[in-house]
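Enquirer: See coords-v6.cif below, with mmCIF, C-alpha atoms and all ligand atoms.
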```cif
data_entry
#
loop_
_atom_site.label_atom_id
_atom_site.label_comp_id
_atom_site.auth_asym_id
_atom_site.auth_seq_id
_atom_site.Cartn_x
_atom_site.Cartn_y
_atom_site.Cartn_z
CA MET A 1 0.00 0.00 0.00
CA ARG A 2 1.29 3.47 -0.87
CA LEU A 3 0.89 5.89 2.04
CA PRO A 4 -0.68 9.28 1.21
CA ASP A 5 2.03 11.96 0.77
CA ALA A 6 0.23 14.47 3.01
CA MET A 7 0.20 11.94 5.85
CA VAL A 8 3.92 11.25 5.48
CA GLY A 9 4.81 14.95 5.28
CA GLY A 10 2.40 16.13 7.95
CA VAL A 11 2.49 13.25 10.45
CA PHE A 12 5.36 10.77 10.09
CA GLU A 13 8.08 13.34 9.29
CA PRO A 14 7.41 15.57 12.35
CA ALA A 15 6.80 12.53 14.58
CA TRP A 16 10.14 11.06 13.58
CA ASP A 17 11.96 14.33 14.37
CA LEU A 18 10.31 14.44 17.77
CA TYR A 19 11.28 10.84 18.46
CA ASP A 20 14.85 11.53 17.31
CA ARG A 21 15.02 14.88 19.18
CA SER A 22 16.07 16.36 15.84
CA CYS A 23 16.08 20.05 14.93
CA ARG A 24 15.74 19.24 11.22
CA LEU A 25 12.18 20.41 10.51
CA ARG A 26 12.51 23.39 12.88
CA GLU A 27 15.55 24.45 10.90
CA LEU A 28 13.66 23.85 7.65
CA SER A 29 10.87 26.26 8.68
CA ARG A 30 13.48 28.81 9.71
CA LEU A 31 15.25 28.47 6.37
CA ARG A 32 11.96 28.70 4.48
CA ARG A 33 11.38 32.09 6.12
CA SER A 34 14.93 33.45 6.10
CA GLN A 35 15.43 32.85 2.36
CA TRP A 36 13.22 35.92 1.71
CA ASP A 37 15.32 38.25 3.90
CA GLY A 38 17.20 40.94 2.01
CA PRO A 39 20.90 40.55 1.19
CA GLU A 40 21.92 42.89 4.05
CA THR A 41 20.05 40.81 6.64
CA VAL A 42 21.48 37.59 5.19
CA GLY A 43 24.98 39.09 5.27
CA ALA A 44 24.63 40.37 8.85
CA ARG A 45 23.41 36.99 10.08
CA GLN A 46 26.26 35.26 8.29
CA GLN A 47 28.81 37.61 9.86
CA GLU A 48 27.41 36.98 13.33
CA LYS A 49 27.64 33.20 12.86
CA LEU A 50 31.16 33.62 11.50
CA ARG A 51 32.33 35.40 14.65
CA ALA A 52 30.83 32.64 16.79
CA ILE A 53 32.44 29.76 14.90
CA ILE A 54 35.84 31.52 14.75
CA ARG A 55 35.73 32.06 18.51
CA HIS A 56 34.68 28.45 19.07
CA ALA A 57 37.46 27.13 16.79
CA ALA A 58 40.14 29.31 18.41
CA GLU A 59 39.08 28.30 21.91
CA THR A 60 38.49 24.57 21.44
CA CYS A 61 40.42 23.26 18.41
CA ALA A 62 44.15 22.81 19.04
CA TYR A 63 44.88 22.94 15.32
CA TYR A 64 43.39 26.41 14.75
CA ARG A 65 44.69 27.80 18.03
CA ASP A 66 48.28 26.80 17.19
CA ARG A 67 48.20 27.59 13.50
CA TRP A 68 46.61 31.02 13.90
CA ALA A 69 48.95 31.87 16.75
CA ALA A 70 51.93 30.84 14.61
CA ALA A 71 50.66 33.17 11.87
CA GLY A 72 50.35 35.98 14.43
CA ILE A 73 46.57 36.24 14.09
CA ASP A 74 44.32 37.16 17.00
CA ALA A 75 41.01 35.34 16.29
CA ALA A 76 39.05 38.08 18.07
CA THR A 77 39.96 40.48 15.24
CA VAL A 78 38.35 38.25 12.59
CA ARG A 79 34.89 39.80 12.43
CA THR A 80 33.90 40.00 8.77
CA VAL A 81 34.14 37.91 5.62
CA ALA A 82 36.92 40.27 4.48
CA ASP A 83 38.83 39.59 7.74
CA LEU A 84 38.47 35.87 7.08
CA ARG A 85 40.99 36.23 4.25
CA ARG A 86 43.78 36.78 6.77
CA LEU A 87 43.38 33.22 8.03
CA PRO A 88 45.37 30.43 6.35
CA ILE A 89 43.68 28.02 3.95
CA LEU A 90 42.84 24.54 5.25
CA THR A 91 43.79 21.86 2.72
CA LYS A 92 42.73 18.23 2.40
CA ASP A 93 46.25 17.28 3.48
CA ASP A 94 45.91 19.44 6.62
CA ILE A 95 42.73 17.52 7.52
CA ARG A 96 44.42 14.18 6.91
CA GLN A 97 47.42 15.09 9.05
CA HIS A 98 45.63 16.89 11.88
CA GLN A 99 42.40 14.94 12.11
CA ASP A 100 42.21 14.90 15.93
CA ALA A 101 43.53 18.41 16.51
CA LEU A 102 40.69 19.72 14.33
CA VAL A 103 38.05 18.13 16.57
CA SER A 104 36.73 20.52 19.20
CA SER A 105 37.69 19.67 22.79
CA ARG A 106 33.99 20.08 23.71
CA TYR A 107 33.19 16.90 21.76
CA ARG A 108 34.32 13.31 21.81
CA LYS A 109 35.27 12.10 18.36
CA GLN A 110 33.25 8.92 18.79
CA ASP A 111 30.06 10.98 19.33
CA LEU A 112 30.47 12.79 16.02
CA ARG A 113 29.19 11.57 12.68
CA ARG A 114 31.91 10.47 10.34
CA ALA A 115 31.84 11.04 6.59
CA LYS A 116 34.34 9.59 4.20
CA THR A 117 34.96 11.12 0.83
CA GLY A 118 36.83 9.88 -2.21
CA GLY A 119 37.85 13.28 -3.42
CA SER A 120 39.20 14.02 -6.85
CA THR A 121 42.64 12.68 -5.97
CA GLY A 122 41.27 9.23 -5.17
CA VAL A 123 42.77 9.42 -1.68
CA SER A 124 40.13 9.13 0.99
CA LEU A 125 39.45 11.84 3.53
CA GLU A 126 37.56 11.55 6.82
CA VAL A 127 35.60 14.43 8.28
CA TYR A 128 33.35 14.68 11.35
CA CYS A 129 30.20 16.64 12.17
CA ASP A 130 28.10 17.06 15.30
CA GLU A 131 24.51 15.81 15.32
CA PRO A 132 22.71 19.21 15.18
CA GLY A 133 25.01 20.12 12.27
CA ILE A 134 23.94 16.96 10.42
CA GLN A 135 20.26 17.83 10.98
CA LYS A 136 20.74 21.41 9.80
CA ARG A 137 22.50 20.16 6.67
CA ALA A 138 19.55 17.85 6.02
CA ALA A 139 17.19 20.82 6.42
CA ALA A 140 19.12 22.88 3.85
CA ALA A 141 18.97 19.96 1.42
CA LEU A 142 15.20 19.70 1.95
CA ARG A 143 14.73 23.41 1.24
CA SER A 144 16.65 23.10 -2.01
CA ASP A 145 14.64 19.98 -2.88
CA GLU A 146 11.55 22.14 -2.45
CA TRP A 147 12.91 24.70 -4.93
CA SER A 148 12.73 21.93 -7.55
CA GLY A 149 8.97 21.52 -7.06
CA TRP A 150 9.10 18.52 -4.69
CA ARG A 151 7.05 18.71 -1.47
CA LEU A 152 7.90 17.24 1.92
CA GLY A 153 6.24 13.84 2.17
CA GLN A 154 6.55 12.90 -1.50
CA PRO A 155 8.66 9.80 -2.19
CA MET A 156 12.04 10.13 -3.90
CA ALA A 157 14.01 8.29 -6.55
CA ALA A 158 17.79 8.49 -6.57
CA ALA A 159 20.35 7.62 -9.19
CA TRP A 160 23.19 7.09 -6.76
CA GLY A 161 26.24 4.92 -6.21
CA ASN A 162 26.24 2.36 -3.40
CA PRO A 163 22.65 2.82 -2.11
CA PRO A 164 22.39 2.31 1.65
CA VAL A 165 20.62 -0.85 2.80
CA PRO A 166 18.47 -0.44 5.96
CA ARG A 167 19.77 -2.96 8.50
CA THR A 168 18.21 -2.21 11.86
CA TRP A 169 14.48 -2.37 12.62
CA LYS A 170 14.52 1.37 13.13
CA ALA A 171 16.09 2.00 9.73
CA ARG A 172 13.58 -0.32 8.06
CA LEU A 173 10.64 1.37 9.76
CA ARG A 174 11.98 4.76 8.78
CA ALA A 175 12.45 3.66 5.16
CA ARG A 176 8.88 2.42 5.00
CA LEU A 177 7.06 5.23 6.81
CA LYS A 178 9.06 8.26 5.95
CA ASP A 179 11.98 8.12 3.55
CA ARG A 180 10.25 6.11 0.82
CA ILE A 181 13.10 6.14 -1.60
CA ILE A 182 14.04 3.95 -4.55
CA TYR A 183 17.51 3.70 -6.07
CA LEU A 184 19.09 3.22 -9.43
CA ASP A 185 22.57 2.07 -8.45
CA THR A 186 24.95 4.12 -10.57
CA MET A 187 27.81 1.75 -9.94
CA ARG A 188 26.20 -0.43 -12.54
CA ILE A 189 23.60 1.12 -14.82
CA ASP A 190 22.52 -1.50 -17.31
CA GLU A 191 19.21 -2.41 -18.86
CA PRO A 192 18.01 -4.88 -16.17
CA ALA A 193 18.81 -2.31 -13.46
CA ILE A 194 16.83 0.39 -15.28
CA VAL A 195 13.89 -1.98 -15.88
CA ARG A 196 13.81 -2.83 -12.14
CA PHE A 197 14.05 0.84 -11.24
CA LEU A 198 11.13 1.75 -13.53
CA ALA A 199 8.95 -1.02 -12.06
CA GLU A 200 9.59 0.44 -8.59
CA TRP A 201 8.91 3.91 -9.95
CA ASP A 202 5.45 2.83 -11.12
CA ARG A 203 4.72 1.39 -7.68
CA LEU A 204 5.95 4.37 -5.62
CA ARG A 205 5.40 7.31 -8.06
CA PRO A 206 8.23 9.50 -6.66
CA GLY A 207 7.88 13.27 -6.51
CA LEU A 208 11.61 13.86 -6.81
CA LEU A 209 14.19 12.39 -9.15
CA PHE A 210 17.71 13.18 -8.03
CA GLY A 211 21.20 11.96 -8.73
CA HIS A 212 24.51 12.54 -10.44
CA ALA A 213 23.84 14.62 -13.55
CA HIS A 214 25.40 12.19 -15.95
CA SER A 215 23.58 9.19 -14.43
CA LEU A 216 20.27 11.01 -14.89
CA PHE A 217 21.30 11.62 -18.48
CA ILE A 218 21.97 7.92 -19.09
CA LEU A 219 18.58 7.07 -17.58
CA ALA A 220 16.94 9.76 -19.77
CA GLU A 221 18.53 8.36 -22.92
CA TYR A 222 17.12 4.95 -22.08
CA LEU A 223 13.66 6.44 -21.48
CA LEU A 224 13.69 8.28 -24.81
CA ALA A 225 14.89 5.19 -26.70
CA ASN A 226 12.09 3.13 -25.14
CA GLY A 227 9.29 5.67 -25.46
CA ARG A 228 8.85 6.11 -21.70
CA THR A 229 8.27 9.35 -19.81
CA LEU A 230 8.67 10.03 -16.09
CA ARG A 231 6.68 12.80 -14.41
CA PRO A 232 8.27 13.76 -11.09
CA SER A 233 7.40 17.12 -9.48
CA GLY A 234 11.06 18.03 -9.44
CA ILE A 235 14.47 16.87 -10.69
CA VAL A 236 17.69 17.64 -8.82
CA ALA A 237 21.04 17.01 -10.50
CA THR A 238 23.97 17.00 -8.17
CA SER A 239 27.57 15.99 -7.49
CA MET A 240 28.93 16.88 -10.85
CA MET A 241 28.63 19.46 -13.53
CA LEU A 242 25.39 19.61 -15.42
CA LEU A 243 26.07 20.04 -19.14
CA GLU A 244 23.44 22.02 -21.05
CA PRO A 245 22.87 19.34 -23.73
CA GLU A 246 22.44 16.69 -20.99
CA ARG A 247 20.01 18.95 -19.12
CA ARG A 248 17.86 19.19 -22.24
CA VAL A 249 17.78 15.41 -22.73
CA ILE A 250 16.79 14.80 -19.07
CA GLU A 251 14.00 17.38 -19.31
CA GLN A 252 12.76 15.90 -22.57
CA ALA A 253 12.52 12.45 -20.95
CA CYS A 254 10.65 13.88 -17.94
CA ALA A 255 7.73 15.68 -19.58
CA GLY A 256 9.55 19.02 -19.61
CA VAL A 257 10.07 19.21 -15.82
CA PRO A 258 13.08 21.54 -15.40
CA VAL A 259 16.31 20.16 -13.94
CA THR A 260 17.49 21.90 -10.77
CA ASN A 261 21.27 22.06 -10.61
CA ARG A 262 22.75 21.64 -7.15
CA TYR A 263 26.31 21.76 -5.85
CA GLY A 264 27.58 20.26 -2.63
CA CYS A 265 30.20 17.93 -1.20
CA GLU A 266 30.51 15.33 1.56
CA GLU A 267 32.59 17.63 3.74
CA VAL A 268 30.08 20.46 4.19
CA SER A 269 27.02 19.18 2.33
CA LEU A 270 24.93 21.74 0.39
CA ILE A 271 26.86 24.71 -1.00
CA ALA A 272 24.57 26.13 -3.70
CA CYS A 273 21.40 25.28 -5.61
CA GLU A 274 19.26 26.74 -8.39
CA CYS A 275 15.83 28.06 -7.46
CA GLU A 276 12.78 27.72 -9.70
CA GLN A 277 14.16 30.53 -11.93
CA HIS A 278 17.27 28.52 -12.92
CA ARG A 279 19.42 31.63 -13.34
CA GLY A 280 22.47 30.69 -11.32
CA LEU A 281 22.80 28.86 -8.00
CA HIS A 282 21.81 30.45 -4.67
CA LEU A 283 24.54 30.01 -2.07
CA ASN A 284 23.53 28.28 1.17
CA ALA A 285 24.61 31.43 3.02
CA ASP A 286 22.99 30.55 6.36
CA HIS A 287 25.26 27.55 6.75
CA VAL A 288 28.34 28.15 4.61
CA ILE A 289 30.52 31.10 3.59
CA THR A 290 31.81 30.49 0.07
CA GLU A 291 34.87 32.38 -1.17
CA PHE A 292 36.01 32.52 -4.81
CA LEU A 293 39.76 33.10 -4.97
CA ARG A 294 42.33 33.85 -7.61
CA ASP A 295 45.55 31.84 -7.57
CA ASP A 296 47.24 34.61 -5.54
CA GLY A 297 44.52 34.38 -2.88
CA SER A 298 42.76 37.65 -3.70
CA PRO A 299 38.98 37.54 -4.23
CA CYS A 300 37.59 37.04 -7.73
CA ALA A 301 35.48 39.71 -9.40
CA PRO A 302 31.91 38.75 -10.33
CA GLY A 303 32.01 36.53 -13.41
CA GLU A 304 35.62 35.48 -12.82
CA ASP A 305 36.41 31.80 -12.37
CA GLY A 306 38.29 30.95 -9.17
CA ARG A 307 39.19 28.39 -6.48
CA LEU A 308 36.36 27.56 -4.10
CA VAL A 309 37.06 27.90 -0.38
CA VAL A 310 34.33 27.29 2.22
CA THR A 311 33.78 27.98 5.89
CA GLU A 312 30.98 25.99 7.47
CA LEU A 313 29.05 27.87 10.16
CA ILE A 314 27.04 25.05 11.73
CA ASN A 315 29.47 22.25 12.55
CA HIS A 316 30.98 22.77 16.01
CA GLY A 317 32.33 19.22 16.30
CA GLN A 318 35.02 19.66 13.67
CA PRO A 319 34.81 23.18 12.29
CA LEU A 320 36.13 23.62 8.75
CA ILE A 321 37.46 27.15 8.40
CA ARG A 322 38.59 28.25 4.93
CA TYR A 323 38.60 24.74 3.58
CA GLU A 324 39.78 24.48 -0.02
CA LEU A 325 37.45 22.13 -1.86
CA GLY A 326 39.58 21.57 -4.94
CA ASP A 327 36.69 22.72 -7.16
CA ARG A 328 36.34 25.93 -9.10
CA GLY A 329 33.41 28.25 -9.59
CA VAL A 330 32.25 31.68 -10.72
CA PRO A 331 30.75 34.24 -8.29
CA SER A 332 27.92 36.56 -9.31
CA ASP A 333 26.66 39.98 -8.23
CA ARG A 334 23.30 39.58 -9.96
CA ALA A 335 20.06 39.60 -7.99
CA CYS A 336 17.76 36.68 -8.78
CA PRO A 337 14.27 37.55 -10.07
CA CYS A 338 12.83 35.15 -7.46
CA GLY A 339 13.46 37.80 -4.77
CA ARG A 340 15.49 35.61 -2.42
CA GLY A 341 18.28 37.46 -0.64
CA LEU A 342 20.71 34.53 -0.86
CA PRO A 343 23.64 35.48 -3.11
CA LEU A 344 24.16 33.72 -6.44
CA MET A 345 27.05 31.92 -8.05
CA GLU A 346 27.06 31.47 -11.82
CA GLN A 347 28.37 27.95 -12.15
CA VAL A 348 30.76 25.30 -10.94
CA THR A 349 33.47 25.02 -13.56
CA GLY A 350 36.18 22.64 -12.46
CA ARG A 351 34.44 19.62 -11.12
CA THR A 352 34.87 15.98 -12.10
CA ALA A 353 36.70 17.42 -15.06
CA ASP A 354 40.35 18.24 -14.63
CA PHE A 355 42.07 20.84 -16.71
CA LEU A 356 44.22 19.24 -19.40
CA ARG A 357 47.60 20.58 -20.42
CA ALA A 358 47.95 21.62 -24.04
CA GLU A 359 51.05 21.22 -26.18
CA GLY A 360 51.83 24.90 -25.62
CA GLY A 361 51.89 24.32 -21.84
CA TYR A 362 48.60 26.15 -21.11
CA ARG A 363 45.70 24.53 -19.34
CA VAL A 364 42.39 23.81 -21.02
CA GLN A 365 39.20 23.37 -19.03
CA GLY A 366 38.07 19.75 -19.32
CA ILE A 367 34.44 20.70 -19.49
CA SER A 368 34.91 22.87 -22.57
CA ILE A 369 36.66 19.99 -24.31
CA ILE A 370 33.70 17.74 -23.59
CA GLU A 371 31.29 20.39 -24.84
CA ASN A 372 33.21 20.57 -28.09
CA THR A 373 33.34 16.82 -28.66
CA LEU A 374 30.95 14.56 -26.74
CA THR A 375 27.97 16.84 -27.15
CA LYS A 376 28.68 17.76 -30.78
CA LEU A 377 29.77 14.52 -32.47
CA PRO A 378 27.35 11.70 -33.25
CA GLY A 379 27.96 8.14 -32.08
CA ILE A 380 29.65 8.80 -28.72
CA ARG A 381 27.56 7.78 -25.72
CA GLN A 382 30.19 8.42 -23.11
CA MET A 383 33.74 9.63 -23.10
CA GLN A 384 36.67 10.14 -20.77
CA ILE A 385 40.01 11.67 -21.62
CA VAL A 386 43.08 10.71 -19.60
CA GLN A 387 46.36 12.60 -19.94
CA GLU A 388 49.25 10.71 -18.36
CA GLU A 389 52.03 12.11 -20.55
CA PRO A 390 52.36 15.70 -21.76
CA LEU A 391 51.81 14.87 -25.43
CA ARG A 392 49.58 11.82 -25.22
CA LEU A 393 45.84 11.41 -24.58
CA ARG A 394 43.99 8.19 -23.92
CA VAL A 395 40.35 8.59 -24.86
CA HIS A 396 37.98 5.99 -23.42
CA LEU A 397 34.66 6.01 -25.19
CA VAL A 398 31.45 4.04 -25.44
CA PRO A 399 30.41 4.02 -29.11
CA GLY A 400 26.74 4.37 -30.03
CA PRO A 401 24.82 4.40 -33.32
CA GLY A 402 26.66 6.59 -35.81
CA TRP A 403 30.15 5.80 -34.57
CA GLY A 404 32.68 5.07 -37.29
CA ALA A 405 36.08 5.87 -38.74
CA ASP A 406 34.92 9.31 -39.91
CA VAL A 407 33.73 10.32 -36.41
CA ALA A 408 36.93 8.97 -34.90
CA ALA A 409 38.97 11.05 -37.33
CA GLU A 410 36.91 14.15 -36.59
CA LEU A 411 37.27 13.61 -32.84
CA GLU A 412 41.05 13.42 -33.21
CA THR A 413 41.06 16.56 -35.36
CA ILE A 414 39.03 18.51 -32.78
CA LEU A 415 41.23 17.35 -29.89
CA ARG A 416 44.41 18.31 -31.76
CA GLY A 417 42.81 21.64 -32.63
CA ILE A 418 42.24 22.37 -28.93
CA LEU A 419 45.29 20.76 -27.36
CA GLY A 420 47.93 21.01 -30.09
CA PRO A 421 48.80 19.28 -33.40
CA GLY A 422 51.54 17.19 -31.76
CA MET A 423 49.18 15.28 -29.44
CA VAL A 424 49.25 11.51 -29.82
CA ILE A 425 45.71 10.25 -29.34
CA ASP A 426 44.81 6.67 -28.43
CA LEU A 427 41.11 5.93 -28.84
CA VAL A 428 39.96 3.10 -26.58
CA PRO A 429 36.38 2.03 -27.38
CA GLY A 430 34.71 -0.11 -24.73
CA GLU A 431 31.40 -1.00 -23.15
CA ARG A 432 31.80 1.06 -20.01
CA ILE A 433 33.83 3.98 -18.69
CA PRO A 434 35.67 3.19 -15.45
CA GLN A 435 33.97 4.96 -12.52
CA GLU A 436 35.31 6.52 -9.39
CA LYS A 437 34.78 4.63 -6.13
CA ASN A 438 31.95 7.00 -5.18
CA GLY A 439 30.05 6.30 -8.40
CA LYS A 440 30.86 9.59 -10.09
CA TYR A 441 32.27 9.83 -13.55
CA ARG A 442 35.19 12.05 -14.38
CA PHE A 443 35.18 13.45 -17.87
CA THR A 444 38.83 14.39 -17.93
CA ILE A 445 41.73 13.21 -15.81
CA CYS A 446 45.09 14.96 -15.88
CA ARG A 447 48.14 13.32 -14.31
CA VAL A 448 50.84 15.57 -15.73
ZN ZN A 501 16.33 32.68 -7.24
#
```
In structure tokens, what does this structure look like?
Expert:
Amino acid sequence: MRLPDAMVGGVFEPAWDLYDRSCRLRELSRLRRSQWDGPETVGARQQEKLRAIIRHAAETCAYYRDRWAAAGIDAATVRTVADLRRLPILTKDDIRQHQDALVSSRYRKQDLRRAKTGGSTGVSLEVYCDEPGIQKRAAAALRSDEWSGWRLGQPMAAAWGNPPVPRTWKARLRARLKDRIIYLDTMRIDEPAIVRFLAEWDRLRPGLLFGHAHSLFILAEYLLANGRTLRPSGIVATSMMLLEPERRVIEQACAGVPVTNRYGCEEVSLIACECEQHRGLHLNADHVITEFLRDDGSPCAPGEDGRLVVTELINHGQPLIRYELGDRGVPSDRACPCGRGLPLMEQVTGRTADFLRAEGGYRVQGISIIENTLTKLPGIRQMQIVQEEPLRLRVHLVPGPGWGADVAAELETILRGILGPGMVIDLVPGERIPQEKNGKYRFTICRV
């Protein structure tokens, strides 16, 4: 029996929070209201939270206390986002090496929630968060789910790697009463998996379809080829860059429902998400300060691509202050027509796609290479370019209808046009592209 959505959203969800002593839905109502505050109010609130987390980190985390003292910085003088720039950057290596010193002395590590990430380097990284922080992150995710058109209480469908399996009675009860989620396991998307997923879809009729952008695209291609249409209330694409041509295919396979592009990471969860206007991504300013930096550390101008550095304002267990994500993005000074006071970013540019190095020594954004090849040439279902030597590219690809010697030749011509005439190109057709451990695909990988 399928439970009515209104009952799940109005009864089971709040009851579960009460039982769990969770602040999740309280935070959600607060975020629903505060998103309409003007930019000045949003900024003032952010600054106030910044001062609190800096004080907390300086007083209770040995790592920050020592490192800031060594740099001659008095934490009490860090009062604004501009002041924040005086603090050193926290790298993934810093976290790996100083795991325990980053945990606040007010918490025991074993009481914190652990998250493990693969990261773009393939080396794993462990981070910790306190329980209220986890609940607030969940609330921010729910608010951005709502921007897509989904409503609390509607079931969800996820195209995701390694779906969790409920093991305890509590987890099973929760899955049945409240979470109501079906998965398409992106670690292995083949026809039987999609057929199973669609049978579950018909049973549960999810209100939200979410997942890695490229996995949603593969699902959409299957739907179009088999004359099927899905009609969720909202679609959220996350965890990797959403390419415009892929967005169009997903929307076409889902009765024109617009795709909502979202950006986040394991370490701090939601960073930015499109609203129903789809004109850039609203930053999750209540929870995270996002900086866009040039290579010399100075702030980017609006429209200028830069390194992304985040400071999370809600995790007191293991505060991340000026954490460099390893991604790149473009800040914006536009106001969104929706009227929300949350600032916008234009796009995430350097994600799951490394920059490749051209023959002339300059770097070329992986995503623009893909846009000029995969999305333009016929007969290529999937592609991945690996550069392990300066003048050699290995191109893994999954051929589709239309693939042939002429397309192969054109692909090589385009790649040499972008990266230099001296590039040796090895085309490696196959049935699948190797995936990362976390189920994401990387379009371009640079090891030089
Ligand atoms: Zn908006």
Enquirer: For ligand ZN 501 (chain A), which residue out of A:Met345, A:Ala159, A:Leu242, A:Cys265 is the nearest one, using all atoms listed in the file?
Expert: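 Smallest distance to ligand ZN 501 (chain A) is found for A:Met345.
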Enquirer: Contacts of region 42-54 of chain A at 7 Å or less, counting all atoms listed in the file, minus same-chain residues fewer than 2 places along, as a PyMOL selection string?
Expert: chain A and resi 37-40+56-58+75+78-81+285-286+313+341-342
Enquirer: Enumerate residues in contact with ligand ZN 501 (chain A): an atom-to-atom distance of at most 12 Å, counting only C-alpha atoms and all ligand atoms. Format the result as a short mmCIF file (atom, residue, chain, number, x, y, z; two decimals) with C-alpha atoms, in the frame of the given file.
Expert:
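Output saved as result_19.cif:
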```cif
data_model
loop_
_atom_site.label_atom_id
_atom_site.label_comp_id
_atom_site.auth_asym_id
_atom_site.auth_seq_id
_atom_site.Cartn_x
_atom_site.Cartn_y
_atom_site.Cartn_z
CA GLN A 35 15.43 32.85 2.36
CA TRP A 36 13.22 35.92 1.71
CA SER A 144 16.65 23.10 -2.01
CA TRP A 147 12.91 24.70 -4.93
CA SER A 148 12.73 21.93 -7.55
CA THR A 260 17.49 21.90 -10.77
CA ALA A 272 24.57 26.13 -3.70
CA CYS A 273 21.40 25.28 -5.61
CA GLU A 274 19.26 26.74 -8.39
CA CYS A 275 15.83 28.06 -7.46
CA GLU A 276 12.78 27.72 -9.70
CA GLN A 277 14.16 30.53 -11.93
CA HIS A 278 17.27 28.52 -12.92
CA ARG A 279 19.42 31.63 -13.34
CA GLY A 280 22.47 30.69 -11.32
CA LEU A 281 22.80 28.86 -8.00
CA HIS A 282 21.81 30.45 -4.67
CA LEU A 283 24.54 30.01 -2.07
CA ASN A 284 23.53 28.28 1.17
CA ARG A 334 23.30 39.58 -9.96
CA ALA A 335 20.06 39.60 -7.99
CA CYS A 336 17.76 36.68 -8.78
CA PRO A 337 14.27 37.55 -10.07
CA CYS A 338 12.83 35.15 -7.46
CA GLY A 339 13.46 37.80 -4.77
CA ARG A 340 15.49 35.61 -2.42
CA GLY A 341 18.28 37.46 -0.64
CA LEU A 342 20.71 34.53 -0.86
CA PRO A 343 23.64 35.48 -3.11
CA LEU A 344 24.16 33.72 -6.44
CA MET A 345 27.05 31.92 -8.05
CA GLU A 346 27.06 31.47 -11.82
#
```
Enquirer: Contacts between region 216-219 of chain A and region 61-175 of chain A, please, where a residue of region 61-175 of chain A counts if it comes within 12 Å (with only C-alpha atoms); show its shortest atom pair and distance in Å to one decimal, rows by chain and ascending number, as CSV.
Expert:
```
residue,atom,partner,partner_atom,distance
A:Ala157,CA,A:Leu216,CA,10.8
A:Ala158,CA,A:Leu216,CA,9.0
A:Ala159,CA,A:Leu216,CA,6.6
A:Trp160,CA,A:Leu216,CA,9.5
```
Enquirer: Name the residues within 10 Å of (34.7, 19.6, 13.7), counting all atoms listed in the file in the file's coordinates, and put them as a PyMOL selection string.
Expert: chain A and resi 57+60-61+99-105+107+109+112-113+127-130+133+312+314-321
Enquirer: Tell me which protein, DNA and RNA residues are within 8 Å of region 402-414 of chain A, counting only C-alpha atoms, leaving out same-chain ones fewer than 4 positions away, and put them as a list in words.
Expert: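 Neighbouring residues, sequence-local ones excluded: Asn372, Thr373, Leu377, Pro378, Gly379, Ile380, Ile418, Ile425 and Leu427 of chain A.
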Enquirer: Give as a list of chain:residue names each residue that has an atom at most 9 Å from (24.1, 12.1, -16.4) in the file, counting only C-alpha atoms.
Expert: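 Result, sorted by chain then residue number: A:Gly211, A:His212, A:Ala213, A:His214, A:Ser215, A:Leu216, A:Phe217, A:Ile218, A:Leu219, A:Ala220, A:Ala237, A:Met240, A:Leu242, A:Leu243, A:Glu246, A:Arg247, A:Ile250, A:Tyr441.
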Enquirer: For the residues in that selection, give me C-alpha atoms as an mmCIF file, in the frame of the given file.
Expert:
```cif
data_model
loop_
_atom_site.group_PDB
_atom_site.id
_atom_site.type_symbol
_atom_site.label_atom_id
_atom_site.label_comp_id
_atom_site.auth_asym_id
_atom_site.auth_seq_id
_atom_site.Cartn_x
_atom_site.Cartn_y
_atom_site.Cartn_z
ATOM 1 C CA GLY A 211 21.200 11.960 -8.730
ATOM 2 C CA HIS A 212 24.510 12.540 -10.440
ATOM 3 C CA ALA A 213 23.840 14.620 -13.550
ATOM 4 C CA HIS A 214 25.400 12.190 -15.950
ATOM 5 C CA SER A 215 23.580 9.190 -14.430
ATOM 6 C CA LEU A 216 20.270 11.010 -14.890
ATOM 7 C CA PHE A 217 21.300 11.620 -18.480
ATOM 8 C CA ILE A 218 21.970 7.920 -19.090
ATOM 9 C CA LEU A 219 18.580 7.070 -17.580
ATOM 10 C CA ALA A 220 16.940 9.760 -19.770
ATOM 11 C CA ALA A 237 21.040 17.010 -10.500
ATOM 12 C CA MET A 240 28.930 16.880 -10.850
ATOM 13 C CA LEU A 242 25.390 19.610 -15.420
ATOM 14 C CA LEU A 243 26.070 20.040 -19.140
ATOM 15 C CA GLU A 246 22.440 16.690 -20.990
ATOM 16 C CA ARG A 247 20.010 18.950 -19.120
ATOM 17 C CA ILE A 250 16.790 14.800 -19.070
ATOM 18 C CA TYR A 441 32.270 9.830 -13.550
#
```
Enquirer: Build an axis-aligned box that encloses every atom of region 283-291 of chain A listed in the file, pad it by 5 Å on each side, and report its centre and edge lengths in Å to one decimal, as lines of an AutoDock Vina configuration file.
Expert:
```
center_x = 28.9
center_y = 30.0
center_z = 2.3
size_x = 21.9
size_y = 14.8
size_z = 18.8
```
Enquirer: Go ahead and compute the interatomic distance for CA of Gln382 (chain A) and CA of Gly256 (chain A), in Å to one decimal.
Expert: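 Straight-line distance from CA of Gln382 (chain A) to CA of Gly256 (chain A) works out to 23.5 Å.
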